[in-house]
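J.: Below is the file run_28.cif, which contains mmCIF, C-alpha atoms.
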```cif
data_query
loop_
_atom_site.group_PDB
_atom_site.id
_atom_site.type_symbol
_atom_site.label_atom_id
_atom_site.label_comp_id
_atom_site.auth_asym_id
_atom_site.auth_seq_id
_atom_site.Cartn_x
_atom_site.Cartn_y
_atom_site.Cartn_z
ATOM 1 C CA MET A 1332 -11.511 -7.671 25.339
ATOM 2 C CA ASP A 1333 -15.226 -6.993 25.545
ATOM 3 C CA PHE A 1334 -15.120 -5.473 22.053
ATOM 4 C CA LEU A 1335 -14.808 -8.998 20.627
ATOM 5 C CA ASP A 1336 -18.363 -9.692 21.792
ATOM 6 C CA TYR A 1337 -19.682 -7.491 18.999
ATOM 7 C CA ALA A 1338 -19.975 -8.854 15.484
ATOM 8 C CA PHE A 1339 -19.154 -5.513 13.853
ATOM 9 C CA MET A 1340 -15.878 -5.325 15.793
ATOM 10 C CA GLN A 1341 -14.963 -8.861 14.771
ATOM 11 C CA ARG A 1342 -15.512 -7.904 11.149
ATOM 12 C CA ALA A 1343 -13.618 -4.633 11.584
ATOM 13 C CA LEU A 1344 -10.610 -6.333 13.209
ATOM 14 C CA LEU A 1345 -10.420 -8.972 10.482
ATOM 15 C CA ALA A 1346 -10.547 -6.253 7.839
ATOM 16 C CA ALA A 1347 -7.923 -4.246 9.766
ATOM 17 C CA VAL A 1348 -5.484 -7.181 9.876
ATOM 18 C CA LEU A 1349 -5.862 -7.750 6.130
ATOM 19 C CA VAL A 1350 -5.319 -4.051 5.465
ATOM 20 C CA GLY A 1351 -2.246 -4.046 7.701
ATOM 21 C CA ILE A 1352 -0.756 -6.885 5.647
ATOM 22 C CA THR A 1353 -1.644 -5.790 2.136
ATOM 23 C CA ALA A 1354 -0.967 -2.044 2.244
ATOM 24 C CA PRO A 1355 2.747 -2.225 3.224
ATOM 25 C CA ALA A 1356 3.222 -5.340 1.067
ATOM 26 C CA VAL A 1357 2.337 -3.289 -2.015
ATOM 27 C CA GLY A 1358 3.820 -0.073 -0.676
ATOM 28 C CA VAL A 1359 7.328 -1.508 -0.475
ATOM 29 C CA TYR A 1360 7.380 -1.803 -4.279
ATOM 30 C CA LEU A 1361 5.805 1.618 -4.812
ATOM 31 C CA VAL A 1362 8.424 3.242 -2.574
ATOM 32 C CA GLN A 1363 11.214 1.493 -4.494
ATOM 33 C CA ARG A 1364 9.688 2.761 -7.755
ATOM 34 C CA ARG A 1365 9.367 6.306 -6.339
ATOM 35 C CA GLN A 1366 5.601 6.177 -6.809
ATOM 36 C CA ALA A 1367 4.703 6.744 -3.184
ATOM 37 C CA LEU A 1368 1.624 8.827 -4.021
ATOM 38 C CA MET A 1369 0.152 6.329 -6.465
ATOM 39 C CA GLY A 1370 -2.217 5.011 -3.801
ATOM 40 C CA ASP A 1371 -3.549 8.508 -3.234
ATOM 41 C CA GLY A 1372 -4.357 8.909 -6.918
ATOM 42 C CA ILE A 1373 -6.058 5.524 -7.101
ATOM 43 C CA GLY A 1374 -8.081 6.448 -4.023
ATOM 44 C CA HIS A 1375 -9.473 9.450 -5.870
ATOM 45 C CA VAL A 1376 -10.464 7.279 -8.827
ATOM 46 C CA ALA A 1377 -12.054 4.674 -6.546
ATOM 47 C CA MET A 1378 -14.552 7.291 -5.391
ATOM 48 C CA THR A 1379 -16.240 7.025 -8.789
ATOM 49 C CA GLY A 1380 -16.574 3.286 -8.251
ATOM 50 C CA VAL A 1381 -18.195 3.803 -4.851
ATOM 51 C CA GLY A 1382 -20.667 6.279 -6.344
ATOM 52 C CA LEU A 1383 -21.473 3.924 -9.219
ATOM 53 C CA GLY A 1384 -22.033 1.111 -6.769
ATOM 54 C CA PHE A 1385 -24.730 3.098 -4.989
ATOM 55 C CA LEU A 1386 -26.230 4.322 -8.265
ATOM 56 C CA LEU A 1387 -26.453 0.835 -9.779
ATOM 57 C CA THR A 1388 -27.375 -0.793 -6.432
ATOM 58 C CA TRP A 1389 -24.348 -3.061 -6.667
ATOM 59 C CA SER A 1390 -21.619 -3.695 -4.093
ATOM 60 C CA PRO A 1391 -19.581 -0.456 -3.733
ATOM 61 C CA VAL A 1392 -16.517 -2.526 -2.819
ATOM 62 C CA TRP A 1393 -16.538 -4.620 -6.001
ATOM 63 C CA MET A 1394 -17.449 -1.634 -8.169
ATOM 64 C CA ALA A 1395 -14.649 0.392 -6.593
ATOM 65 C CA ALA A 1396 -12.245 -2.484 -7.279
ATOM 66 C CA LEU A 1397 -13.244 -2.563 -10.952
ATOM 67 C CA VAL A 1398 -13.003 1.210 -11.435
ATOM 68 C CA SER A 1399 -9.722 1.376 -9.485
ATOM 69 C CA ILE A 1400 -8.149 -1.310 -11.662
ATOM 70 C CA LEU A 1401 -9.209 0.521 -14.827
ATOM 71 C CA GLY A 1402 -7.860 3.769 -13.381
ATOM 72 C CA ALA A 1403 -4.551 2.156 -12.405
ATOM 73 C CA VAL A 1404 -4.101 0.708 -15.899
ATOM 74 C CA LEU A 1405 -4.871 4.109 -17.396
ATOM 75 C CA MET A 1406 -2.317 5.714 -15.059
ATOM 76 C CA GLU A 1407 0.358 3.304 -16.280
ATOM 77 C CA LEU A 1408 -0.526 3.999 -19.915
ATOM 78 C CA ILE A 1409 -0.279 7.731 -19.251
ATOM 79 C CA ARG A 1410 3.094 7.186 -17.604
ATOM 80 C CA TRP A 1411 4.342 5.312 -20.685
ATOM 81 C CA TYR A 1412 2.918 7.523 -23.408
ATOM 82 C CA GLY A 1413 1.943 10.796 -21.730
ATOM 83 C CA LYS A 1414 5.386 12.425 -21.918
ATOM 84 C CA THR A 1415 5.201 16.152 -21.157
ATOM 85 C CA ARG A 1416 1.390 16.206 -20.890
ATOM 86 C CA GLY A 1417 1.235 13.231 -18.566
ATOM 87 C CA ASP A 1418 0.928 15.243 -15.351
ATOM 88 C CA ILE A 1419 -2.074 17.159 -16.712
ATOM 89 C CA ALA A 1420 -3.788 13.946 -17.773
ATOM 90 C CA LEU A 1421 -3.197 12.413 -14.355
ATOM 91 C CA ALA A 1422 -4.560 15.495 -12.605
ATOM 92 C CA MET A 1423 -7.732 15.336 -14.681
ATOM 93 C CA LEU A 1424 -8.068 11.622 -13.908
ATOM 94 C CA PHE A 1425 -7.710 12.169 -10.153
ATOM 95 C CA TYR A 1426 -10.034 15.149 -9.867
ATOM 96 C CA GLY A 1427 -12.495 13.612 -12.306
ATOM 97 C CA GLY A 1428 -12.604 10.530 -10.092
ATOM 98 C CA MET A 1429 -13.472 12.619 -7.042
ATOM 99 C CA ALA A 1430 -16.109 14.618 -8.882
ATOM 100 C CA GLY A 1431 -17.629 11.487 -10.406
ATOM 101 C CA GLY A 1432 -17.934 9.855 -7.000
ATOM 102 C CA VAL A 1433 -19.732 12.833 -5.483
ATOM 103 C CA MET A 1434 -22.042 13.176 -8.479
ATOM 104 C CA PHE A 1435 -23.005 9.503 -8.755
ATOM 105 C CA ILE A 1436 -23.662 9.032 -5.063
ATOM 106 C CA ASN A 1437 -25.953 12.068 -4.991
ATOM 107 C CA LEU A 1438 -27.845 10.749 -8.019
ATOM 108 C CA ALA A 1439 -28.339 7.356 -6.351
ATOM 109 C CA PRO A 1440 -31.757 6.875 -4.720
ATOM 110 C CA THR A 1441 -30.225 5.542 -1.492
ATOM 111 C CA GLY A 1442 -26.988 7.502 -1.589
ATOM 112 C CA SER A 1443 -25.893 10.586 0.323
ATOM 113 C CA ASN A 1444 -22.723 12.426 1.269
ATOM 114 C CA ALA A 1445 -22.858 10.633 4.622
ATOM 115 C CA ASN A 1446 -22.440 7.314 2.792
ATOM 116 C CA LEU A 1447 -19.450 8.679 0.916
ATOM 117 C CA THR A 1448 -17.806 9.946 4.108
ATOM 118 C CA SER A 1449 -17.564 6.426 5.544
ATOM 119 C CA TYR A 1450 -15.595 5.363 2.452
ATOM 120 C CA LEU A 1451 -13.404 8.459 2.469
ATOM 121 C CA PHE A 1452 -12.246 8.178 6.084
ATOM 122 C CA GLY A 1453 -13.223 4.637 7.138
ATOM 123 C CA SER A 1454 -15.972 3.445 9.463
ATOM 124 C CA LEU A 1455 -16.011 0.491 11.834
ATOM 125 C CA SER A 1456 -19.744 0.088 12.227
ATOM 126 C CA THR A 1457 -20.474 -0.061 8.484
ATOM 127 C CA VAL A 1458 -18.205 -3.012 7.619
ATOM 128 C CA SER A 1459 -20.707 -5.678 6.545
ATOM 129 C CA GLN A 1460 -20.267 -9.415 6.087
ATOM 130 C CA SER A 1461 -20.299 -8.975 2.305
ATOM 131 C CA ASP A 1462 -17.561 -6.352 2.656
ATOM 132 C CA VAL A 1463 -15.456 -8.795 4.671
ATOM 133 C CA THR A 1464 -15.909 -11.492 2.022
ATOM 134 C CA ALA A 1465 -14.820 -9.118 -0.737
ATOM 135 C CA ILE A 1466 -11.871 -7.876 1.326
ATOM 136 C CA CYS A 1467 -10.692 -11.450 2.007
ATOM 137 C CA VAL A 1468 -10.798 -12.379 -1.691
ATOM 138 C CA LEU A 1469 -9.016 -9.206 -2.787
ATOM 139 C CA ALA A 1470 -6.418 -9.456 -0.003
ATOM 140 C CA ALA A 1471 -5.605 -13.036 -1.025
ATOM 141 C CA PHE A 1472 -4.855 -11.787 -4.544
ATOM 142 C CA VAL A 1473 -2.551 -9.057 -3.195
ATOM 143 C CA VAL A 1474 -0.622 -11.467 -0.962
ATOM 144 C CA LEU A 1475 -0.188 -13.997 -3.785
ATOM 145 C CA VAL A 1476 1.206 -11.342 -6.123
ATOM 146 C CA THR A 1477 3.484 -9.526 -3.667
ATOM 147 C CA LEU A 1478 4.997 -12.736 -2.281
ATOM 148 C CA GLY A 1479 4.811 -15.055 -5.281
ATOM 149 C CA LEU A 1480 6.442 -12.565 -7.676
ATOM 150 C CA ARG A 1481 8.642 -10.743 -5.172
ATOM 151 C CA ARG A 1482 11.900 -11.377 -7.060
ATOM 152 C CA GLN A 1483 10.514 -10.144 -10.372
ATOM 153 C CA LEU A 1484 8.765 -7.134 -8.837
ATOM 154 C CA PHE A 1485 11.888 -6.241 -6.860
ATOM 155 C CA ALA A 1486 14.036 -6.377 -10.008
ATOM 156 C CA VAL A 1487 11.671 -4.112 -11.940
ATOM 157 C CA SER A 1488 11.336 -1.708 -9.009
ATOM 158 C CA GLN A 1489 15.111 -1.381 -8.675
ATOM 159 C CA ASP A 1490 16.103 -0.952 -12.328
ATOM 160 C CA GLU A 1491 13.663 -1.314 -15.219
ATOM 161 C CA GLU A 1492 16.379 -1.285 -17.873
ATOM 162 C CA PHE A 1493 18.385 -4.033 -16.192
ATOM 163 C CA ALA A 1494 15.197 -6.086 -15.696
ATOM 164 C CA ARG A 1495 14.333 -5.659 -19.375
ATOM 165 C CA VAL A 1496 17.811 -6.830 -20.430
ATOM 166 C CA THR A 1497 17.436 -9.957 -18.290
ATOM 167 C CA GLY A 1498 14.259 -10.835 -20.172
ATOM 168 C CA LEU A 1499 11.608 -9.897 -17.624
ATOM 169 C CA PRO A 1500 8.257 -8.611 -18.993
ATOM 170 C CA VAL A 1501 8.700 -5.154 -17.505
ATOM 171 C CA ARG A 1502 5.505 -3.576 -18.797
ATOM 172 C CA ALA A 1503 3.392 -6.529 -17.720
ATOM 173 C CA LEU A 1504 4.936 -6.445 -14.240
ATOM 174 C CA ASN A 1505 4.407 -2.682 -14.004
ATOM 175 C CA LEU A 1506 0.756 -3.162 -14.917
ATOM 176 C CA LEU A 1507 0.434 -5.933 -12.359
ATOM 177 C CA THR A 1508 1.924 -3.688 -9.673
ATOM 178 C CA ALA A 1509 -0.550 -0.943 -10.540
ATOM 179 C CA VAL A 1510 -3.480 -3.372 -10.490
ATOM 180 C CA THR A 1511 -2.325 -4.785 -7.147
ATOM 181 C CA ALA A 1512 -2.115 -1.261 -5.721
ATOM 182 C CA ALA A 1513 -5.657 -0.592 -6.952
ATOM 183 C CA VAL A 1514 -6.938 -3.760 -5.280
ATOM 184 C CA THR A 1515 -5.172 -2.771 -2.060
ATOM 185 C CA VAL A 1516 -6.892 0.603 -2.040
ATOM 186 C CA THR A 1517 -10.225 -1.195 -2.309
ATOM 187 C CA VAL A 1518 -9.289 -3.549 0.522
ATOM 188 C CA ALA A 1519 -8.404 -0.659 2.817
ATOM 189 C CA MET A 1520 -11.157 1.844 2.109
ATOM 190 C CA ARG A 1521 -13.637 0.432 4.655
ATOM 191 C CA VAL A 1522 -11.120 0.670 7.517
ATOM 192 C CA VAL A 1523 -8.665 3.462 6.689
ATOM 193 C CA GLY A 1524 -10.584 5.384 4.022
ATOM 194 C CA LEU A 1525 -9.764 6.292 0.440
ATOM 195 C CA LEU A 1526 -8.096 9.580 1.344
ATOM 196 C CA LEU A 1527 -5.725 8.078 3.924
ATOM 197 C CA ILE A 1528 -4.761 4.700 2.465
ATOM 198 C CA SER A 1529 -1.664 6.074 0.742
ATOM 199 C CA ALA A 1530 -0.143 6.818 4.154
ATOM 200 C CA LEU A 1531 -0.520 3.183 5.216
ATOM 201 C CA MET A 1532 1.172 2.065 2.003
ATOM 202 C CA VAL A 1533 4.155 4.366 2.395
ATOM 203 C CA VAL A 1534 4.845 5.274 6.044
ATOM 204 C CA PRO A 1535 5.344 1.721 7.428
ATOM 205 C CA VAL A 1536 7.848 1.070 4.639
ATOM 206 C CA ALA A 1537 9.669 4.328 5.355
ATOM 207 C CA ALA A 1538 9.686 3.456 9.068
ATOM 208 C CA ALA A 1539 11.107 -0.017 8.418
ATOM 209 C CA GLN A 1540 13.836 1.429 6.189
ATOM 210 C CA GLN A 1541 15.151 3.412 9.152
ATOM 211 C CA ILE A 1542 16.438 0.240 10.832
ATOM 212 C CA THR A 1543 16.851 -2.282 8.008
ATOM 213 C CA ARG A 1544 19.157 -2.704 5.040
ATOM 214 C CA SER A 1545 17.696 -5.676 3.156
ATOM 215 C CA PHE A 1546 14.522 -5.871 1.119
ATOM 216 C CA ALA A 1547 13.232 -8.936 2.978
ATOM 217 C CA ALA A 1548 13.687 -7.321 6.395
ATOM 218 C CA THR A 1549 12.039 -4.105 5.207
ATOM 219 C CA PHE A 1550 9.090 -6.085 3.849
ATOM 220 C CA ALA A 1551 8.628 -8.085 7.062
ATOM 221 C CA ILE A 1552 8.960 -5.157 9.465
ATOM 222 C CA ALA A 1553 6.708 -2.920 7.350
ATOM 223 C CA VAL A 1554 3.969 -5.561 7.413
ATOM 224 C CA ALA A 1555 4.436 -6.014 11.175
ATOM 225 C CA ILE A 1556 4.062 -2.262 11.664
ATOM 226 C CA GLY A 1557 1.010 -2.227 9.401
ATOM 227 C CA VAL A 1558 -0.756 -4.988 11.317
ATOM 228 C CA SER A 1559 0.127 -3.433 14.699
ATOM 229 C CA VAL A 1560 -1.149 0.044 13.876
ATOM 230 C CA THR A 1561 -4.334 -1.142 12.169
ATOM 231 C CA ILE A 1562 -5.288 -3.320 15.132
ATOM 232 C CA GLY A 1563 -4.257 -0.604 17.600
ATOM 233 C CA GLY A 1564 -6.144 2.065 15.678
ATOM 234 C CA THR A 1565 -9.277 -0.051 15.386
ATOM 235 C CA VAL A 1566 -9.359 -0.854 19.112
ATOM 236 C CA THR A 1567 -8.592 2.753 20.039
ATOM 237 C CA SER A 1568 -11.376 3.928 17.766
ATOM 238 C CA TYR A 1569 -13.831 1.634 19.550
ATOM 239 C CA TYR A 1570 -12.939 2.776 23.067
ATOM 240 C CA GLN A 1571 -12.333 6.474 22.399
ATOM 241 C CA ASP A 1572 -14.976 7.003 19.674
ATOM 242 C CA VAL A 1573 -12.484 8.564 17.258
ATOM 243 C CA PRO A 1574 -12.194 8.057 13.461
ATOM 244 C CA PRO A 1575 -10.410 4.769 12.740
ATOM 245 C CA GLY A 1576 -8.606 5.950 9.611
ATOM 246 C CA ALA A 1577 -7.120 9.037 11.225
ATOM 247 C CA THR A 1578 -6.152 7.068 14.335
ATOM 248 C CA ILE A 1579 -4.370 4.405 12.289
ATOM 249 C CA VAL A 1580 -2.436 6.963 10.264
ATOM 250 C CA LEU A 1581 -1.368 8.909 13.373
ATOM 251 C CA LEU A 1582 -0.158 5.683 15.001
ATOM 252 C CA THR A 1583 1.773 4.889 11.829
ATOM 253 C CA ILE A 1584 3.464 8.286 11.889
ATOM 254 C CA GLY A 1585 4.248 7.727 15.576
ATOM 255 C CA ALA A 1586 5.926 4.424 14.690
ATOM 256 C CA PHE A 1587 7.982 6.201 12.020
ATOM 257 C CA ILE A 1588 9.159 8.836 14.516
ATOM 258 C CA ALA A 1589 10.042 6.187 17.124
ATOM 259 C CA LEU A 1590 12.077 4.113 14.668
ATOM 260 C CA THR A 1591 13.795 7.218 13.333
ATOM 261 C CA VAL A 1592 14.945 8.013 16.875
ATOM 262 C CA LEU A 1593 16.204 4.436 17.294
ATOM 263 C CA ALA A 1594 17.984 4.513 13.931
ATOM 264 C CA ALA A 1595 20.750 6.877 15.038
ATOM 265 C CA PRO A 1596 22.341 4.601 17.691
ATOM 266 C CA LEU A 1597 21.849 1.601 15.400
ATOM 267 C CA ALA A 1598 23.692 3.418 12.626
ATOM 268 C CA ARG A 1599 26.570 4.242 14.989
ATOM 269 C CA ARG A 1600 26.744 0.598 16.096
ATOM 270 C CA ARG A 1601 26.844 -0.574 12.470
ATOM 271 C CA ALA A 1602 29.586 1.944 11.695
ATOM 272 C CA ARG A 1603 31.716 0.663 14.596
ATOM 273 C CA ALA A 1604 31.151 -2.941 13.524
ATOM 274 C CA ARG A 1605 32.084 -2.062 9.943
ATOM 275 C CA THR A 1606 35.251 -0.341 11.098
ATOM 276 C CA ALA A 1607 36.206 -3.322 13.225
ATOM 277 C CA ALA A 1608 35.532 -5.714 10.340
ATOM 278 C CA GLN A 1609 37.671 -3.666 7.980
ATOM 279 C CA GLY A 1610 40.529 -3.862 10.447
ATOM 280 C CA THR A 1611 40.535 -7.660 10.239
ATOM 281 C CA ALA A 1612 39.569 -8.003 6.559
ATOM 282 C CA ASP A 1613 41.778 -9.490 3.878
ATOM 283 C CA PRO A 1614 44.267 -7.204 2.177
ATOM 284 C CA ALA A 1615 42.934 -5.209 -0.740
ATOM 285 C CA GLU A 1616 44.811 -7.346 -3.272
ATOM 286 C CA CYS A 1617 42.895 -10.428 -2.066
ATOM 287 C CA THR A 1618 39.471 -8.960 -2.618
ATOM 288 C CA ILE A 1619 37.389 -9.403 -5.756
ATOM 289 C CA PRO A 1620 36.942 -6.047 -7.529
ATOM 290 C CA GLY A 1621 33.653 -5.003 -9.060
ATOM 291 C CA ARG A 1622 31.580 -7.588 -7.214
ATOM 292 C CA ARG A 1623 27.860 -6.701 -6.992
ATOM 293 C CA GLU A 1624 25.268 -7.925 -4.519
ATOM 294 C CA THR A 1625 22.813 -10.481 -5.824
ATOM 295 C CA SER A 1626 19.118 -10.507 -5.054
ATOM 296 C CA ASP A 1627 19.724 -13.343 -2.560
ATOM 297 C CA GLU A 1628 22.190 -11.204 -0.616
ATOM 298 C CA VAL A 1629 19.730 -8.352 -0.221
ATOM 299 C CA GLY A 1630 17.199 -10.808 1.090
ATOM 300 C CA VAL A 1631 14.671 -10.947 -1.740
#
```
Represent the supplied structure as structure tokens.

T.:
Amino acid sequence: MDFLDYAFMQRALLAAVLVGITAPAVGVYLVQRRQALMGDGIGHVAMTGVGLGFLLTWSPVWMAALVSILGAVLMELIRWYGKTRGDIALAMLFYGGMAGGVMFINLAPTGSNANLTSYLFGSLSTVSQSDVTAICVLAAFVVLVTLGLRRQLFAVSQDEEFARVTGLPVRALNLLTAVTAAVTVTVAMRVVGLLLISALMVVPVAAAQQITRSFAATFAIAVAIGVSVTIGGTVTSYYQDVPPGATIVLLTIGAFIALTVLAAPLARRRARARTAAQGTADPAECTIPGRRETSDEVGV
């Protein structure tokens, strides 16, 4: 535990824990919406914010948050109105974000490609106290949204038309999800990196889905996996001198493989239990036809 003697490791571990919580918390909604790669696109746009931060001598984290939010809103507008040309517009937005980041950081008097690399792939030693403060504020916003509005966000993620019929503000909730994803990318870029954050949003959720059936259980296990791999990757990076972002993502993929292997016997056990339950269930004429699960039954 000697790594806790160093201030930069204390800051890195705190940032890692917050990333491990926020990334899967947002990712569970993105996976339900089949927008698993949204975080990757926002990461490209955030590069422009990092470059602008260096150019304007302002905090790259806060500038990246602002640019990412604008980019996420624009992505949602393109999704609504883009129709057949939407994919081209999104491609230009993503690649333009990357190009803008490289250009701005090279125009900055104190910027260089080395500075950009630490944001692209994460860096333990460069997490400053101001970065930690920004990450804490942004992470608090993400947690409040993903937990406080979990029922509404779950309903919209499952079926937008049904949510609209029930009176939910679907477009506003979609925008809020996009903004929350953008904030999460900003939270994670100092530890995991802009190019790898999408994996931490998606893979823990996919891993949790291998052994769970309810939304609440998937949410909880995905966050537990996220926290475990971010802490494990950060500590491993310190001792082995390897990139933290790559280490965290590889550990996450390892967790997915392990849970996939465990899922097969669990599925067989569930099947046997279901068969046994059906053998002692009420006769068919005593059951209620057409009954649907409520959000409480799926654990929202």

J.: Hey, which of A:Val1514, A:Leu1526, A:Ala1494, A:Val1398 ends up closest to Val1580 of chain A? Count all atoms listed in the file.

T.: A:Leu1526

J.: With all atoms listed in the file as the basis for distance, which of A:Thr1379, A:Gln1540, A:Gln1341, A:Thr1448 is at the shortest distance from Phe1587 of chain A?

T.: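 Checking each candidate against Phe1587 of chain A, we get A:Gln1540 as the closest.
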
J.: Enumerate, in order of chain and increasing residue number, the residues of segment 1424-1473 of chain A with an atom no farther than 8 Å from segment 1348-1352 of chain A, each with its shortest atom pair and distance in Å to one decimal, counting only C-alpha atoms, as a tab-separated table.

T.:
```
residue	atom	partner	partner_atom	distance
A:Ile1466	CA	A:Leu1349	CA	7.7
A:Cys1467	CA	A:Leu1349	CA	7.3
A:Ala1470	CA	A:Leu1349	CA	6.4
```

J.: Suppose a student applies the PyMOL selection byres ((chain A and resi 1478) around 12) to this structure; what residues should they get, written as an MDAnalysis selection string?

T.: chainID A and resid 1352:1353 1356:1357 1359:1360 1471:1477 1479:1485 1511 1547 1550:1551 1631

J.: Neighbouring residues of Gly1557 of chain A were defined as those with any atom within 8 Å, considering only C-alpha atoms; residues of the same chain fewer than 2 positions away were excluded. Please report them as a list of chain:residue names.

T.: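 Contacts, in chain order: A:Val1350, A:Gly1351, A:Ile1352, A:Ala1354, A:Pro1355, A:Leu1531, A:Pro1535, A:Ala1553, A:Val1554, A:Ala1555, A:Ser1559, A:Val1560, A:Thr1561, A:Thr1583.
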
J.: Could you tell me which of A:Ser1529, A:Gln1460, A:Ser1488, A:Thr1508 comes closest to Gly1372 of chain A if we count all atoms listed in the file?

T.: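 Checking each candidate against Gly1372 of chain A, we get A:Ser1529 as the closest.
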
J.: Apply the PyMOL selection byres ((chain A and resi 1378) around 8) to the structure shown and report the selected residues as a list of chain:residue names.

T.: A:Gly1374, A:His1375, A:Val1376, A:Ala1377, A:Thr1379, A:Gly1380, A:Val1381, A:Gly1382, A:Ala1395, A:Gly1428, A:Met1429, A:Gly1431, A:Gly1432, A:Val1433, A:Leu1525

J.: Centre and edge lengths of an axis-aligned box around all listed atoms of segment 1469-1487 of chain A, with 5 Å added on each side, are to be given in Å to one decimal, as AutoDock Vina command-line options.

T.:
```
--center_x 2.5 --center_y -9.6 --center_z -6.0 --size_x 33.1 --size_y 20.9 --size_z 21.9
```

J.: Enter the distance from atom CA of Ile1409 of chain A to atom CA of Pro1500 of chain A, in Å, rounded to one decimal.

T.: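 Atom CA of Ile1409 of chain A sits 18.4 Å away from atom CA of Pro1500 of chain A.
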
J.: What is the atom CA of Ala1367 of chain A to atom CA of Ser1456 of chain A distance in Å?

T.: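 Answer for the atom CA of Ala1367 of chain A to atom CA of Ser1456 of chain A separation: 29.7 Å.
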
J.: If we draw a sphere of 7 Å around (-15.7, -13.9, 8.5), which residues have at least one atom in it when counting only C-alpha atoms? Please report them as a list in words.

T.: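 Taken together, the residues in range are Arg1342, Gln1460, Val1463 and Thr1464 of chain A.
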
J.: Run the PyMOL selection byres ((chain A and resi 1441) around 12) on the file and write out the hits as a list in words.

T.: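 When the PyMOL selection byres ((chain A and resi 1441) around 12) is applied to the shown file, the picked residues are Gly1382, Leu1383, Gly1384, Phe1385, Leu1386, Leu1387, Thr1388, Trp1389, Phe1435, Ile1436, Asn1437, Leu1438, Ala1439, Pro1440, Gly1442, Ser1443, Asn1444, Ala1445, Asn1446 and Leu1447 of chain A.
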
J.: Quick one, how far is atom CA of Met1423 of chain A from atom CA of Ala1530 of chain A?

T.: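 Interatomic distance, atom CA of Met1423 of chain A to atom CA of Ala1530 of chain A: 22.0 Å.
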
J.: Considering only C-alpha atoms, can you say which of A:Leu1504, A:Ala1509, A:Leu1344, A:Val1518 comes closest to Val1392 of chain A?

T.: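 Result for the nearest residue to Val1392 of chain A: A:Val1518.
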